[in-house]
Each structure stands twice: as structure tokens, then as C-alpha cells.
$ cat run_9.txt   # compact mmCIF, C-alpha atoms
# COMPACT_ATOMS: atom_id res chain seq x y z
CA MET A 1 6.30 -9.45 23.65
CA LEU A 2 8.51 -12.20 22.22
CA ARG A 3 9.01 -15.43 24.13
CA VAL A 4 11.19 -18.30 22.97
CA LYS A 5 10.72 -21.74 24.45
CA SER A 6 13.15 -24.66 24.18
CA LEU A 7 14.34 -23.76 20.72
CA PHE A 8 16.54 -26.33 19.02
CA CYS A 9 18.42 -25.95 15.81
CA GLU A 10 20.76 -28.29 14.02
CA ARG A 11 22.69 -27.61 10.86
CA ASP A 12 24.73 -30.19 8.94
CA ASP A 13 24.55 -32.64 11.86
CA ARG A 14 25.94 -30.01 14.20
CA VAL A 15 23.80 -28.72 17.05
CA LEU A 16 23.79 -24.92 16.98
CA PHE A 17 21.71 -24.48 20.08
CA ARG A 18 19.34 -26.49 22.18
CA ASN A 19 16.95 -25.67 25.02
CA LEU A 20 17.19 -22.00 24.25
CA ASP A 21 14.71 -20.01 26.31
CA PHE A 22 14.43 -16.29 26.57
CA HIS A 23 11.94 -13.53 26.85
CA LEU A 24 12.09 -10.11 25.27
CA SER A 25 9.71 -7.40 26.38
CA GLU A 26 9.16 -3.72 25.65
CA GLY A 27 12.01 -1.46 26.66
CA GLN A 28 14.50 -4.32 26.68
CA ALA A 29 17.59 -5.06 24.66
CA ILE A 30 19.17 -8.46 24.06
CA GLN A 31 22.55 -9.04 22.52
CA VAL A 32 23.12 -12.48 21.03
CA GLN A 33 26.76 -13.46 21.40
CA GLY A 34 28.80 -16.38 20.23
CA SER A 35 31.80 -17.35 18.18
CA ASN A 36 31.68 -17.45 14.39
CA GLY A 37 29.34 -20.14 13.20
CA SER A 38 27.59 -20.45 16.54
CA GLY A 39 24.22 -19.72 14.96
CA LYS A 40 23.58 -16.07 15.76
CA THR A 41 22.33 -15.22 12.29
CA THR A 42 20.39 -18.47 12.14
CA LEU A 43 18.66 -17.61 15.42
CA LEU A 44 17.62 -14.17 14.20
CA ARG A 45 16.42 -15.59 10.90
CA ILE A 46 14.39 -18.28 12.68
CA LEU A 47 12.71 -15.63 14.80
CA CYS A 48 11.88 -13.61 11.69
CA GLY A 49 10.36 -16.61 9.92
CA LEU A 50 13.08 -16.77 7.28
CA ASN A 51 14.46 -20.09 8.46
CA THR A 52 12.33 -23.07 9.39
CA ASP A 53 14.96 -25.67 10.32
CA TYR A 54 14.17 -25.70 14.02
CA THR A 55 12.03 -27.31 16.64
CA GLY A 56 10.56 -25.49 19.60
CA ASP A 57 8.03 -22.77 20.09
CA PHE A 58 7.99 -19.06 20.11
CA PHE A 59 5.24 -16.71 21.02
CA TRP A 60 4.29 -13.17 20.07
CA TYR A 61 2.32 -11.49 22.85
CA ASP A 62 1.57 -14.98 24.27
CA GLN A 63 0.10 -16.17 20.97
CA PRO A 64 1.88 -18.98 19.11
CA MET A 65 3.84 -17.46 16.26
CA ALA A 66 2.10 -19.67 13.69
CA LYS A 67 -1.08 -17.66 14.35
CA SER A 68 0.42 -14.24 14.67
CA TRP A 69 2.70 -13.86 11.66
CA PRO A 70 0.69 -10.95 10.20
CA GLN A 71 0.81 -8.94 13.46
CA PHE A 72 4.45 -9.89 13.93
CA ARG A 73 5.42 -8.70 10.45
CA GLU A 74 3.66 -5.40 11.10
CA SER A 75 5.84 -4.70 14.10
CA VAL A 76 9.24 -6.16 13.30
CA PHE A 77 12.18 -4.56 11.55
CA TYR A 78 14.84 -6.94 10.29
CA LEU A 79 18.23 -6.02 8.93
CA GLY A 80 20.39 -8.93 7.88
CA HIS A 81 23.94 -9.27 6.59
CA ALA A 82 22.85 -8.21 3.12
CA PRO A 83 22.00 -4.51 3.01
CA ALA A 84 18.80 -5.06 0.98
CA ILE A 85 19.81 -2.11 -1.15
CA ASN A 86 19.56 -2.37 -4.91
CA LYS A 87 22.76 -0.88 -6.22
CA THR A 88 21.38 0.43 -9.50
CA LEU A 89 18.74 2.48 -7.72
CA THR A 90 19.47 5.70 -5.86
CA ALA A 91 19.28 5.97 -2.09
CA GLU A 92 15.94 7.71 -2.27
CA GLU A 93 14.42 5.22 -4.71
CA ASN A 94 15.49 2.34 -2.50
CA LEU A 95 13.91 3.86 0.56
CA ARG A 96 10.79 4.95 -1.26
CA TRP A 97 10.15 1.40 -2.38
CA TYR A 98 10.85 0.14 1.13
CA CYS A 99 8.21 2.49 2.55
CA ALA A 100 5.72 1.68 -0.18
CA SER A 101 6.21 -2.09 0.03
CA ARG A 102 5.44 -1.95 3.74
CA GLY A 103 2.65 0.60 3.43
CA LEU A 104 4.48 3.09 5.67
CA LYS A 105 3.29 6.66 5.94
CA ASN A 106 5.90 8.80 7.54
CA ASP A 107 6.11 12.02 9.50
CA ILE A 108 9.68 12.51 8.38
CA SER A 109 10.68 12.49 4.77
CA ILE A 110 13.16 10.14 3.16
CA SER A 111 15.73 12.89 2.74
CA GLN A 112 15.44 13.69 6.47
CA ALA A 113 16.04 10.03 7.28
CA LEU A 114 19.09 10.02 5.01
CA ALA A 115 20.32 13.29 6.53
CA PHE A 116 20.09 11.75 10.01
CA PHE A 117 22.60 9.14 8.89
CA GLY A 118 24.85 11.77 7.36
CA LEU A 119 23.81 11.28 3.75
CA GLN A 120 22.34 14.68 2.92
CA GLY A 121 22.99 15.43 -0.73
CA TYR A 122 23.25 11.72 -1.59
CA GLU A 123 19.55 11.22 -2.35
CA GLU A 124 20.07 11.07 -6.09
CA VAL A 125 23.30 9.08 -6.08
CA PRO A 126 23.04 5.48 -7.33
CA CYS A 127 24.05 3.14 -4.54
CA TYR A 128 26.78 1.43 -6.59
CA MET A 129 28.69 4.70 -6.46
CA MET A 130 28.67 4.70 -2.66
CA SER A 131 31.17 3.16 -0.29
CA ALA A 132 30.27 0.11 1.81
CA GLY A 133 29.77 2.32 4.85
CA GLN A 134 27.49 4.68 2.97
CA GLN A 135 25.44 1.77 1.64
CA ARG A 136 25.11 0.52 5.20
CA ARG A 137 23.89 3.97 6.17
CA VAL A 138 21.23 3.92 3.45
CA SER A 139 20.16 0.57 4.81
CA LEU A 140 20.08 1.92 8.36
CA ALA A 141 18.10 5.01 7.33
CA ARG A 142 15.15 2.62 7.25
CA LEU A 143 15.32 2.59 11.04
CA LYS A 144 14.10 6.18 10.94
CA LEU A 145 11.24 5.34 8.60
CA THR A 146 9.94 2.18 10.20
CA ASN A 147 7.18 2.11 12.79
CA ALA A 148 8.34 -1.26 14.16
CA SER A 149 8.35 -1.98 17.87
CA LEU A 150 10.93 -4.77 17.60
CA LEU A 151 14.26 -4.30 15.89
CA VAL A 152 16.17 -7.41 14.85
CA LEU A 153 19.61 -6.34 13.70
CA ASP A 154 22.32 -8.67 12.47
CA GLU A 155 25.71 -6.98 12.81
CA PRO A 156 24.35 -3.46 12.29
CA PHE A 157 27.71 -1.82 12.97
CA THR A 158 29.54 -3.47 10.07
CA ALA A 159 31.39 -0.96 7.87
CA LEU A 160 30.33 2.05 9.96
CA ASP A 161 32.96 4.56 11.05
CA LYS A 162 33.52 5.38 14.75
CA ARG A 163 31.15 8.30 14.80
CA GLY A 164 28.54 6.32 12.93
CA VAL A 165 28.77 3.56 15.53
CA GLN A 166 28.30 6.05 18.37
CA GLU A 167 25.34 7.70 16.67
CA LEU A 168 23.70 4.35 15.98
CA GLU A 169 24.25 3.25 19.58
CA ALA A 170 22.66 6.46 20.84
CA MET A 171 19.75 6.00 18.48
CA LEU A 172 19.19 2.37 19.53
CA ALA A 173 19.39 3.32 23.22
CA GLY A 174 16.80 6.03 22.60
CA PHE A 175 14.58 3.52 20.82
CA VAL A 176 14.76 1.10 23.77
CA ALA A 177 14.17 3.93 26.28
CA GLU A 178 10.97 4.79 24.41
CA GLY A 179 9.69 1.25 24.92
CA GLY A 180 10.99 -0.51 21.85
CA ALA A 181 12.53 -3.96 21.94
CA LEU A 182 15.93 -4.68 20.45
CA LEU A 183 17.55 -7.96 19.49
CA LEU A 184 20.96 -7.71 17.91
CA THR A 185 24.18 -9.53 17.22
CA THR A 186 27.50 -7.79 17.10
CA HIS A 187 31.17 -8.44 17.73
CA HIS A 188 31.65 -4.80 18.50
CA PRO A 189 31.91 -3.88 22.23
CA LEU A 190 28.49 -2.38 22.77
CA GLN A 191 28.09 0.79 24.78
CA LEU A 192 24.35 1.13 24.97
CA GLU A 193 22.89 3.55 27.49
CA CYS A 194 20.25 1.04 28.44
CA PRO A 195 20.00 -2.30 30.28
CA LEU A 196 21.34 -5.08 28.08
CA GLN A 197 20.79 -8.80 28.42
CA VAL A 198 23.36 -11.09 26.82
CA ILE A 199 22.65 -14.53 25.38
CA ASP A 200 25.81 -16.51 24.72
CA LEU A 201 25.01 -19.17 22.13
CA ASP A 202 28.28 -21.02 22.86
CA LYS A 203 26.70 -22.10 26.15
CA TYR A 204 23.74 -23.67 24.43
CA ASN A 205 25.46 -26.14 22.15
CA THR A 206 27.58 -28.18 24.56
CA GLU A 207 25.21 -29.42 27.27
CA ALA A 208 23.69 -31.75 24.70
CA GLU A 209 25.89 -34.74 25.53
CA ALA A 210 25.36 -34.31 29.26
CA GLN A 211 21.63 -34.68 28.82
CA TRP A 212 21.74 -37.77 26.74
CA MET B 1 -10.57 0.79 7.13
CA VAL B 2 -11.35 -1.39 4.14
CA ALA B 3 -10.98 1.53 1.74
CA GLY B 4 -7.71 2.50 3.39
CA THR B 5 -6.30 -0.99 3.06
CA SER B 6 -7.25 -1.35 -0.57
CA MET B 7 -5.80 2.06 -1.32
CA SER B 8 -2.49 1.19 0.25
CA MET B 9 -2.60 -2.16 -1.57
CA GLY B 10 -2.94 -0.32 -4.86
CA SER B 11 -0.05 1.96 -4.04
CA VAL B 12 2.08 -1.04 -3.07
CA ILE B 13 1.40 -2.64 -6.45
CA LEU B 14 2.11 0.61 -8.28
CA ALA B 15 5.31 1.18 -6.32
CA THR B 16 6.52 -2.33 -7.13
CA ILE B 17 5.80 -1.91 -10.84
CA ARG B 18 7.49 1.50 -10.77
CA ARG B 19 10.58 0.03 -9.14
CA GLU B 20 10.84 -2.80 -11.67
CA LEU B 21 10.45 -0.43 -14.62
CA LEU B 22 13.06 1.89 -13.12
CA LEU B 23 15.46 -1.03 -12.70
CA ALA B 24 14.92 -2.06 -16.31
CA LEU B 25 15.60 1.51 -17.41
CA ARG B 26 18.88 1.56 -15.47
CA SER B 27 20.12 -1.80 -16.73
CA PRO B 28 18.36 -2.37 -20.06
CA GLY B 29 20.44 -5.47 -20.85
CA ASP B 30 18.07 -7.74 -18.94
CA VAL B 31 15.23 -6.62 -21.20
CA ILE B 32 17.10 -6.39 -24.49
CA ASN B 33 18.93 -9.74 -24.34
CA PRO B 34 15.84 -12.01 -24.49
CA LEU B 35 14.36 -9.80 -27.19
CA MET B 36 17.55 -10.04 -29.25
CA PHE B 37 17.51 -13.81 -28.79
CA PHE B 38 13.95 -13.84 -30.15
CA VAL B 39 14.81 -11.63 -33.12
CA ILE B 40 18.03 -13.44 -34.05
CA SER B 41 16.78 -17.00 -33.75
CA ILE B 42 13.65 -16.34 -35.81
CA SER B 43 15.71 -14.57 -38.48
CA LEU B 44 17.85 -17.70 -38.83
CA PHE B 45 14.98 -19.98 -39.85
CA PRO B 46 14.43 -18.57 -43.37
CA LEU B 47 18.20 -18.63 -43.87
CA GLY B 48 18.63 -22.20 -42.68
CA GLY B 49 15.37 -23.65 -43.98
CA GLY B 50 15.31 -22.03 -47.37
CA ALA B 51 13.01 -19.35 -48.69
CA ASP B 52 10.27 -21.76 -49.78
CA THR B 53 7.13 -19.92 -48.60
CA ASP B 54 5.04 -23.10 -48.26
CA PHE B 55 7.58 -24.62 -45.92
CA LEU B 56 7.99 -21.39 -43.94
CA SER B 57 4.28 -20.74 -43.49
CA GLY B 58 3.90 -24.32 -42.27
CA ILE B 59 6.38 -23.88 -39.48
CA ALA B 60 5.77 -20.15 -38.78
CA SER B 61 3.45 -20.45 -35.77
CA GLY B 62 5.59 -23.14 -34.17
CA VAL B 63 8.81 -21.21 -34.71
CA ILE B 64 7.44 -17.97 -33.26
CA TRP B 65 5.87 -19.70 -30.26
CA VAL B 66 8.88 -21.87 -29.45
CA THR B 67 11.31 -18.97 -29.75
CA ALA B 68 9.09 -16.73 -27.62
CA LEU B 69 8.86 -19.50 -25.03
CA LEU B 70 12.64 -19.93 -24.90
CA ALA B 71 13.21 -16.17 -24.77
CA ILE B 72 10.84 -15.93 -21.80
CA MET B 73 12.63 -18.78 -20.09
CA PHE B 74 15.98 -17.05 -20.50
CA SER B 75 14.55 -13.78 -19.27
CA MET B 76 13.29 -15.43 -16.06
CA ASP B 77 16.75 -15.43 -14.54
CA SER B 78 16.64 -11.70 -13.84
CA LEU B 79 13.32 -11.90 -12.01
CA PHE B 80 14.50 -12.68 -8.47
CA ARG B 81 18.28 -12.98 -8.84
CA ALA B 82 19.30 -9.43 -7.85
CA ASP B 83 16.76 -9.30 -5.01
CA TYR B 84 18.00 -12.61 -3.69
CA GLU B 85 21.62 -11.51 -3.74
CA ASP B 86 21.19 -8.11 -2.10
CA GLY B 87 18.72 -9.25 0.56
CA SER B 88 15.70 -7.37 -0.79
CA LEU B 89 13.93 -10.69 -1.13
CA GLU B 90 14.05 -11.23 2.64
CA GLN B 91 12.52 -7.80 3.13
CA LEU B 92 9.85 -8.63 0.56
CA LEU B 93 8.99 -11.87 2.38
CA MET B 94 8.79 -10.00 5.69
CA SER B 95 6.54 -7.27 4.38
CA PRO B 96 3.23 -6.98 6.23
CA GLN B 97 1.55 -6.37 2.87
CA PRO B 98 0.10 -9.47 1.18
CA LEU B 99 2.91 -11.26 -0.59
CA TYR B 100 0.41 -12.46 -3.19
CA PHE B 101 -0.05 -8.99 -4.68
CA LEU B 102 3.60 -8.01 -4.35
CA LEU B 103 4.60 -11.07 -6.37
CA LEU B 104 1.82 -10.60 -8.89
CA ALA B 105 3.00 -7.02 -9.42
CA LYS B 106 6.56 -8.22 -9.87
CA VAL B 107 5.62 -10.85 -12.43
CA PHE B 108 3.35 -8.39 -14.23
CA SER B 109 6.22 -5.91 -14.58
CA HIS B 110 8.40 -8.70 -15.87
CA TRP B 111 5.75 -9.59 -18.45
CA LEU B 112 5.46 -5.94 -19.46
CA LEU B 113 9.21 -5.72 -20.03
CA SER B 114 10.07 -9.08 -21.56
CA CYS B 115 6.89 -10.28 -23.27
CA LEU B 116 5.14 -7.19 -24.55
CA PRO B 117 7.97 -6.30 -26.97
CA ILE B 118 7.90 -9.88 -28.28
CA ILE B 119 4.13 -9.70 -28.83
CA ILE B 120 4.49 -6.38 -30.64
CA LEU B 121 7.20 -7.79 -32.91
CA ALA B 122 5.40 -11.10 -33.56
CA PRO B 123 3.21 -9.91 -36.50
CA LEU B 124 6.33 -8.61 -38.21
CA PHE B 125 8.00 -12.00 -37.97
CA ALA B 126 4.80 -13.71 -39.02
CA GLU B 127 5.05 -11.68 -42.21
CA MET B 128 8.71 -12.63 -42.59
CA LEU B 129 7.87 -16.33 -42.23
CA ALA B 130 5.12 -15.97 -44.84
CA MET B 131 2.31 -16.75 -42.42
CA PRO B 132 -1.12 -16.21 -44.10
CA ASP B 133 -2.98 -13.12 -42.89
CA ALA B 134 -5.63 -15.27 -41.21
CA GLY B 135 -3.04 -16.56 -38.73
CA ARG B 136 -1.83 -13.19 -37.51
CA MET B 137 -4.73 -12.28 -35.24
CA PRO B 138 -4.84 -15.64 -33.37
CA LEU B 139 -1.05 -15.52 -33.07
CA VAL B 140 -1.13 -12.15 -31.29
CA LEU B 141 -4.17 -13.04 -29.19
CA GLY B 142 -2.62 -16.34 -28.20
CA LEU B 143 0.64 -14.68 -27.21
CA LEU B 144 -1.23 -11.98 -25.31
CA VAL B 145 -3.06 -14.57 -23.20
CA GLY B 146 -0.38 -17.26 -23.20
CA THR B 147 2.78 -15.35 -22.30
CA PRO B 148 1.51 -14.20 -18.87
CA ILE B 149 0.93 -17.90 -18.07
CA LEU B 150 4.52 -18.65 -19.10
CA CYS B 151 5.79 -15.81 -16.89
CA LEU B 152 3.79 -16.98 -13.88
CA LEU B 153 4.87 -20.61 -14.29
CA GLY B 154 8.44 -19.61 -15.00
CA ALA B 155 8.48 -17.51 -11.86
CA ILE B 156 7.64 -20.62 -9.80
CA GLY B 157 10.63 -22.45 -11.27
CA MET B 158 12.85 -19.41 -10.84
CA ALA B 159 11.75 -18.97 -7.23
CA LEU B 160 12.67 -22.59 -6.53
CA THR B 161 16.10 -22.35 -8.15
CA VAL B 162 17.16 -18.79 -7.27
CA GLY B 163 19.33 -20.06 -4.42
CA LEU B 164 21.39 -22.27 -6.71
CA SER B 165 24.36 -20.76 -8.48
CA ARG B 166 23.90 -22.52 -11.85
CA SER B 167 20.22 -23.00 -12.19
CA GLY B 168 19.79 -22.61 -15.97
CA LEU B 169 19.40 -26.24 -16.99
CA LEU B 170 17.47 -27.21 -13.87
CA LEU B 171 15.06 -24.36 -14.53
CA ALA B 172 14.50 -25.63 -18.07
CA VAL B 173 13.87 -29.18 -16.88
CA LEU B 174 11.47 -27.92 -14.21
CA ILE B 175 9.33 -25.57 -16.21
CA LEU B 176 9.45 -26.61 -19.87
CA PRO B 177 6.99 -29.49 -19.28
CA LEU B 178 4.61 -26.97 -17.72
CA PHE B 179 4.93 -24.74 -20.78
CA ILE B 180 3.82 -27.46 -23.19
CA PRO B 181 0.01 -27.04 -22.85
CA VAL B 182 0.35 -23.32 -23.55
CA LEU B 183 2.52 -24.07 -26.58
CA VAL B 184 0.05 -26.65 -27.91
CA PHE B 185 -2.99 -24.39 -27.51
CA GLY B 186 -1.15 -21.34 -28.82
CA THR B 187 0.12 -22.95 -32.02
CA GLY B 188 -3.18 -24.84 -32.35
CA MET B 189 -5.01 -21.53 -32.51
CA VAL B 190 -2.93 -20.35 -35.44
CA GLN B 191 -3.21 -23.68 -37.28
CA ALA B 192 -6.99 -23.68 -36.81
CA ALA B 193 -7.33 -20.13 -38.13
CA MET B 194 -5.13 -20.96 -41.12
CA GLY B 195 -7.42 -23.91 -41.85
CA SER B 196 -10.44 -21.55 -41.65
CA LEU B 197 -11.62 -23.18 -38.44
CA PRO B 198 -12.80 -21.30 -35.33
CA TYR B 199 -10.09 -20.81 -32.73
CA THR B 200 -12.14 -19.25 -29.90
CA GLY B 201 -12.35 -22.59 -28.09
CA LEU B 202 -8.58 -22.84 -27.77
CA LEU B 203 -8.40 -19.18 -26.79
CA SER B 204 -10.92 -19.82 -24.02
CA LEU B 205 -8.81 -22.74 -22.82
CA LEU B 206 -5.78 -20.46 -22.68
CA GLY B 207 -7.87 -17.88 -20.84
CA ALA B 208 -8.92 -20.48 -18.30
CA LEU B 209 -5.28 -21.48 -17.82
CA LEU B 210 -4.38 -17.81 -17.33
CA ILE B 211 -7.02 -17.32 -14.65
CA ALA B 212 -5.89 -20.46 -12.86
CA ALA B 213 -2.26 -19.30 -13.08
CA ILE B 214 -3.07 -15.84 -11.72
CA CYS B 215 -5.01 -17.34 -8.81
CA LEU B 216 -2.59 -20.09 -7.84
CA SER B 217 0.94 -19.37 -8.98
CA PRO B 218 1.65 -16.37 -6.68
CA LEU B 219 0.99 -18.72 -3.76
CA ALA B 220 3.43 -21.26 -5.21
CA ILE B 221 6.01 -18.54 -5.95
CA GLY B 222 5.75 -17.28 -2.37
CA ALA B 223 6.16 -20.76 -0.92
CA ALA B 224 9.10 -21.47 -3.24
CA LEU B 225 10.81 -18.21 -2.29
CA ARG B 226 10.46 -19.05 1.40
CA ILE B 227 12.20 -22.37 0.71
CA SER B 228 14.93 -20.61 -1.27
CA VAL B 229 15.86 -18.07 1.41
CA ASN B 230 15.79 -20.75 4.12

$ encode --input "run_9.txt" --output "C-alpha cells"
Amino acid sequence: MLRVKSLFCERDDRVLFRNLDFHLSEGQAIQVQGSNGSGKTTLLRILCGLNTDYTGDFFWYDQPMAKSWPQFRESVFYLGHAPAINKTLTAEENLRWYCASRGLKNDISISQALAFFGLQGYEEVPCYMMSAGQQRRVSLARLKLTNASLLVLDEPFTALDKRGVQELEAMLAGFVAEGGALLLTTHHPLQLECPLQVIDLDKYNTEAEAQW
Amino acid sequence: MVAGTSMSMGSVILATIRRELLLALRSPGDVINPLMFFVISISLFPLGGGADTDFLSGIASGVIWVTALLAIMFSMDSLFRADYEDGSLEQLLMSPQPLYFLLLAKVFSHWLLSCLPIIILAPLFAEMLAMPDAGRMPLVLGLLVGTPILCLLGAIGMALTVGLSRSGLLLAVLILPLFIPVLVFGTGMVQAAMGSLPYTGLLSLLGALLIAAICLSPLAIGAALRISVN
């Protein structure tokens, strides 16, 4: 569904990656690896259309992305470093606005989604009163509400406790097994019950000199 | 299909307005501060300029308009700041719903919260500054049509500068020149009415500016926000 062709990105005169090619299809998971500052977040943001400092092409169902942004936005779920949770609003208000702003109509209710991430009884609690891990869980509860077929997750395991990590891994594996596509970065040793392809960005920034 | 889309569009707009009003209710400082600025600065003019009613009525329309304009500019900072910092802005930009209407709803809520109280208080201050009765109606009408333009234009400047940590002065330099036509037409309306001249022409000009701003500025705000999150 998503194909990336000879992607090149440079930041502050430093090549982050060059000649990056990969292909992500339904029922597949890709983990983007690399040391700090290797451009993992930048890559995910480029693919989501949030960063435009790149050259190269990418395609959504074999259509150039420039033409298929609307369809792409319908089917992608992005979770970045920032939790996208307004701290003065309660968990439920945050999620309700998320659903409304994306026009989502759900089979499961917001409180069910929160309960799945262990936050039953926290619906009415303002997010500034929650711990970092709980805020992350509110953020992740969107995974239950979205109808996206591609998940783009930037360090989703940050601040989660051990059980939370296991539950999220199980949930992501289930999502991929049902035909979803997953693209994530993490420094956490992943134990996904599904085939996982690894892209190491450190390998894509050095061959530059050899080519010139 | 068409009906379904428009219905969900309406609910998106309502949900956005609801969220902004809820946020204002939770942290009322963002709403009250610009209003207090408006109230305090206008109250200082009779004290500093003397209680001579001729002098005060001469400057009344200008004082109210300029203070309202500055209050709106100060209030702009809260428009995208929190969303930018907590990542909600990225989610907004990635929404499959038309960004145009989401942004319009956001700016409308901002207008409702920061400008409507100013417009309601304006006749009171007109009285305090000894403005003749004839000037009151065009003052309120002008503010009613003019302040949404200021909000829409200010939102463009704010969207461009939201990524910078100290954007206050830059914002002023960027958007104050754009505010000037609105200021000129708005005060012109009051002056015309006080001179027993018709002011509908100037009001129509403001109306035309408002329509142009509603049509075009959400596109500019969207483009500016995309640059800011880059």
C-alpha cells in the first residue's frame, strides 16, 4: 500500500538518509531503527506529510502521494512524540474531539476504549492530573477508536509500564494479523507475534561518499 | 453521500467550537486578559488626557478601535500555541476532514471568546469617552464586521510564528500593517456618522473585506501551519 522510492533527506547539512527504498503492504510490520538523531522521527513525519524537506517519491496504492493525500489521511493513524492530549481537558473530552475532528463513528464507546488501556474510572479526570504513562494511555486509546489501515507510531512504548508494553504489543500484532500495516520506531526490544521487517537508518547515511 | 458528508462536516465544526469553549471555560485567563487590557487602557485615556468632553469625543472612535485591535493581537497568542506544543496541531493537519472548516471553526470560537465581549462593552466605553449618540451604532456595527477580519488575519500571522519561542514582536510587525485598512474604515464609519454623513459605504467595504478574509485566510492559515510544524 505504501511504497517509498529513493527518498533523500538532509538536515543542517547532514545527510539523514539517502536512496531509501521500501515497501509496506497489508499485514506487514516495519520497525525503523537507528541511533539517536538518525532521522527516524523525520522519516515518519515525511511519510505523514508533516515534513517536506526531502526529495524522492512515495506512493499510496501505486498513486503518487501528491494526488492521494485525501485517501491517505483517511487511512493513516499517526502518533508522534507529543501525546496530542490537551491537559486541561478530561480523557473523554480529548477523545471525543479526536473522533469528531476525524468524523469517526465507532462501534465501541470512548469509555470502552479507555478501559481497554486500563483507564476505567478516569474518563472525567483532567489529563494534567494524570501521570505520564496514563497520558500516554489516553493517547493510545485512540488506536481503539480509529478505523485506519496504516499505523505510524513514533516511540509508542514511551512511559508505559511492563504490562502496558505487553498489551500494546499484543494489540499491534493482532492489528497486523487482521491485515493492517504498521510502521513504528522504538528502542524497546520488540516482541511482536508477527513478521517484522527492520530498516536500519544508520546504513542509509554513510554510502553517500562512496557514490560520489 | 452528500448529505452524510455535510452532516459530519457540521458536527466537526460544532465539536471544534465546543472544544474551544470548553478550553476557555477551564482556563479563563486567556479570555479575560485581553478584555482586561481593553478595559484598563481605555479607562486611562480620560485620566491622562483630561476630562474635556470635546477632546475625548474627538478621539473616542480611534481610542476604542486601536485598543480593541491591540487586545485582539495579544489574544492571538493562545490560538494555536497549546495545540502546537502538545501535538494536537499535527493531528489537526492530518485530519481527513477539510482543514478549511476546522480552522474557520477555530477562529470563529476565538472571535466569540475574545471579540464578542469587547463589542458588548464598546458602547459603554463610547459613553465614557463622551462619544455622541450618533456614533454608537456605527461603532458597534463596524466592530461586529471588522473584528472577525482582524481575527482571521491575526490567525495567519500566528500560524506563521507559532513555532518561534518569542513571537510577540514579530507577530505585531507581520500583521499590524494588514490591520490598518480595517482600522481606517472602522474609525471612518464613526467619524462619518458623527458628521451626519452616511456610513453604509464604509460598512459595505468592511463587509467585502470580511467575505474575502473568510474565503481566503483559512487557506493561508493552513499553509502557514504546515510550514510551522515542518

$ atom_distance --input "run_9.txt" --atom1 "CA of Asn86 (chain A)" --atom2 "CA of Asp86 (chain B)"
6.6 Å

$ interface_residues --input "run_9.txt" --of "chain B" --to "chain A" --cutoff "6 Å" --atoms "only C-alpha atoms" --output "list in words"
Val12, Asp86, Gly87, Ser88, Met94, Ser95, Pro96, Gln97 and Asn230 of chain B

$ atom_distance --input "run_9.txt" --atom1 "CA of Arg142 (chain A)" --atom2 "CA of Ala113 (chain A)"
7.5 Å

$ atom_distance --input "run_9.txt" --atom1 "CA of Ser114 (chain B)" --atom2 "CA of Ala91 (chain A)"
26.3 Å

$ residues_near_point --input "run_9.txt" --point "(22.1, -13.1, 19.5)" --cutoff "8 Å" --atoms "all atoms listed in the file" --output "number ranges by chain"
A: 30-34, 40-41, 43-44, 183-186, 198-201

$ residues_around --input "run_9.txt" --residues "Ala71 (chain B)" --least-positions-apart "2" --cutoff "9 Å" --atoms "only C-alpha atoms" --output "NGL selection string"
:B and (33-38 or 66-69 or 73-76 or 114-115 or 118)

$ write_last_selection --input "run_9.txt" --atoms "C-alpha atoms" --output "compact mmCIF listing (two decimals), keeping the file's coordinate frame"
# COMPACT_ATOMS: atom_id res chain seq x y z
CA ASN B 33 18.93 -9.74 -24.34
CA PRO B 34 15.84 -12.01 -24.49
CA LEU B 35 14.36 -9.80 -27.19
CA MET B 36 17.55 -10.04 -29.25
CA PHE B 37 17.51 -13.81 -28.79
CA PHE B 38 13.95 -13.84 -30.15
CA VAL B 66 8.88 -21.87 -29.45
CA THR B 67 11.31 -18.97 -29.75
CA ALA B 68 9.09 -16.73 -27.62
CA LEU B 69 8.86 -19.50 -25.03
CA MET B 73 12.63 -18.78 -20.09
CA PHE B 74 15.98 -17.05 -20.50
CA SER B 75 14.55 -13.78 -19.27
CA MET B 76 13.29 -15.43 -16.06
CA SER B 114 10.07 -9.08 -21.56
CA CYS B 115 6.89 -10.28 -23.27
CA ILE B 118 7.90 -9.88 -28.28

$ residues_near_point --input "run_9.txt" --point "(6.5, 6.9, 20.8)" --cutoff "12 Å" --atoms "only C-alpha atoms" --output "PDB file with C-alpha atoms, in the coordinates of the input"
ATOM      1  CA  GLU A  26       9.160  -3.720  25.650  1.00  0.00           C
ATOM      2  CA  GLY A  27      12.010  -1.460  26.660  1.00  0.00           C
ATOM      3  CA  ASN A 147       7.180   2.110  12.790  1.00  0.00           C
ATOM      4  CA  ALA A 148       8.340  -1.260  14.160  1.00  0.00           C
ATOM      5  CA  SER A 149       8.350  -1.980  17.870  1.00  0.00           C
ATOM      6  CA  GLY A 174      16.800   6.030  22.600  1.00  0.00           C
ATOM      7  CA  PHE A 175      14.580   3.520  20.820  1.00  0.00           C
ATOM      8  CA  VAL A 176      14.760   1.100  23.770  1.00  0.00           C
ATOM      9  CA  ALA A 177      14.170   3.930  26.280  1.00  0.00           C
ATOM     10  CA  GLU A 178      10.970   4.790  24.410  1.00  0.00           C
ATOM     11  CA  GLY A 179       9.690   1.250  24.920  1.00  0.00           C
ATOM     12  CA  GLY A 180      10.990  -0.510  21.850  1.00  0.00           C
TER      13      GLY A 180
END

$ residues_around --input "run_9.txt" --residues "region 117-123 of chain A" --least-positions-apart "6" --cutoff "9 Å" --atoms "all atoms listed in the file" --output "PyMOL selection string"
chain A and resi 90-93+110-111+130+134+137-138+140-141+164+167-168

$ write_last_selection --input "run_9.txt" --atoms "C-alpha atoms" --output "mmCIF file, in the coordinates of the input"
data_model
loop_
_atom_site.group_PDB
_atom_site.id
_atom_site.type_symbol
_atom_site.label_atom_id
_atom_site.label_comp_id
_atom_site.auth_asym_id
_atom_site.auth_seq_id
_atom_site.Cartn_x
_atom_site.Cartn_y
_atom_site.Cartn_z
ATOM 1 C CA THR A 90 19.470 5.700 -5.860
ATOM 2 C CA ALA A 91 19.280 5.970 -2.090
ATOM 3 C CA GLU A 92 15.940 7.710 -2.270
ATOM 4 C CA GLU A 93 14.420 5.220 -4.710
ATOM 5 C CA ILE A 110 13.160 10.140 3.160
ATOM 6 C CA SER A 111 15.730 12.890 2.740
ATOM 7 C CA MET A 130 28.670 4.700 -2.660
ATOM 8 C CA GLN A 134 27.490 4.680 2.970
ATOM 9 C CA ARG A 137 23.890 3.970 6.170
ATOM 10 C CA VAL A 138 21.230 3.920 3.450
ATOM 11 C CA LEU A 140 20.080 1.920 8.360
ATOM 12 C CA ALA A 141 18.100 5.010 7.330
ATOM 13 C CA GLY A 164 28.540 6.320 12.930
ATOM 14 C CA GLU A 167 25.340 7.700 16.670
ATOM 15 C CA LEU A 168 23.700 4.350 15.980
#

$ residues_around --input "run_9.txt" --residues "Val63 (chain B)" --least-positions-apart "2" --cutoff "10 Å" --atoms "all atoms listed in the file" --output "list in words"
Ser41, Ile42, Phe45, Leu56, Ser57, Gly58, Ile59, Ala60, Ser61, Trp65, Val66, Thr67, Ala68, Leu69, Phe125, Ala126, Leu129 and Thr187 of chain B
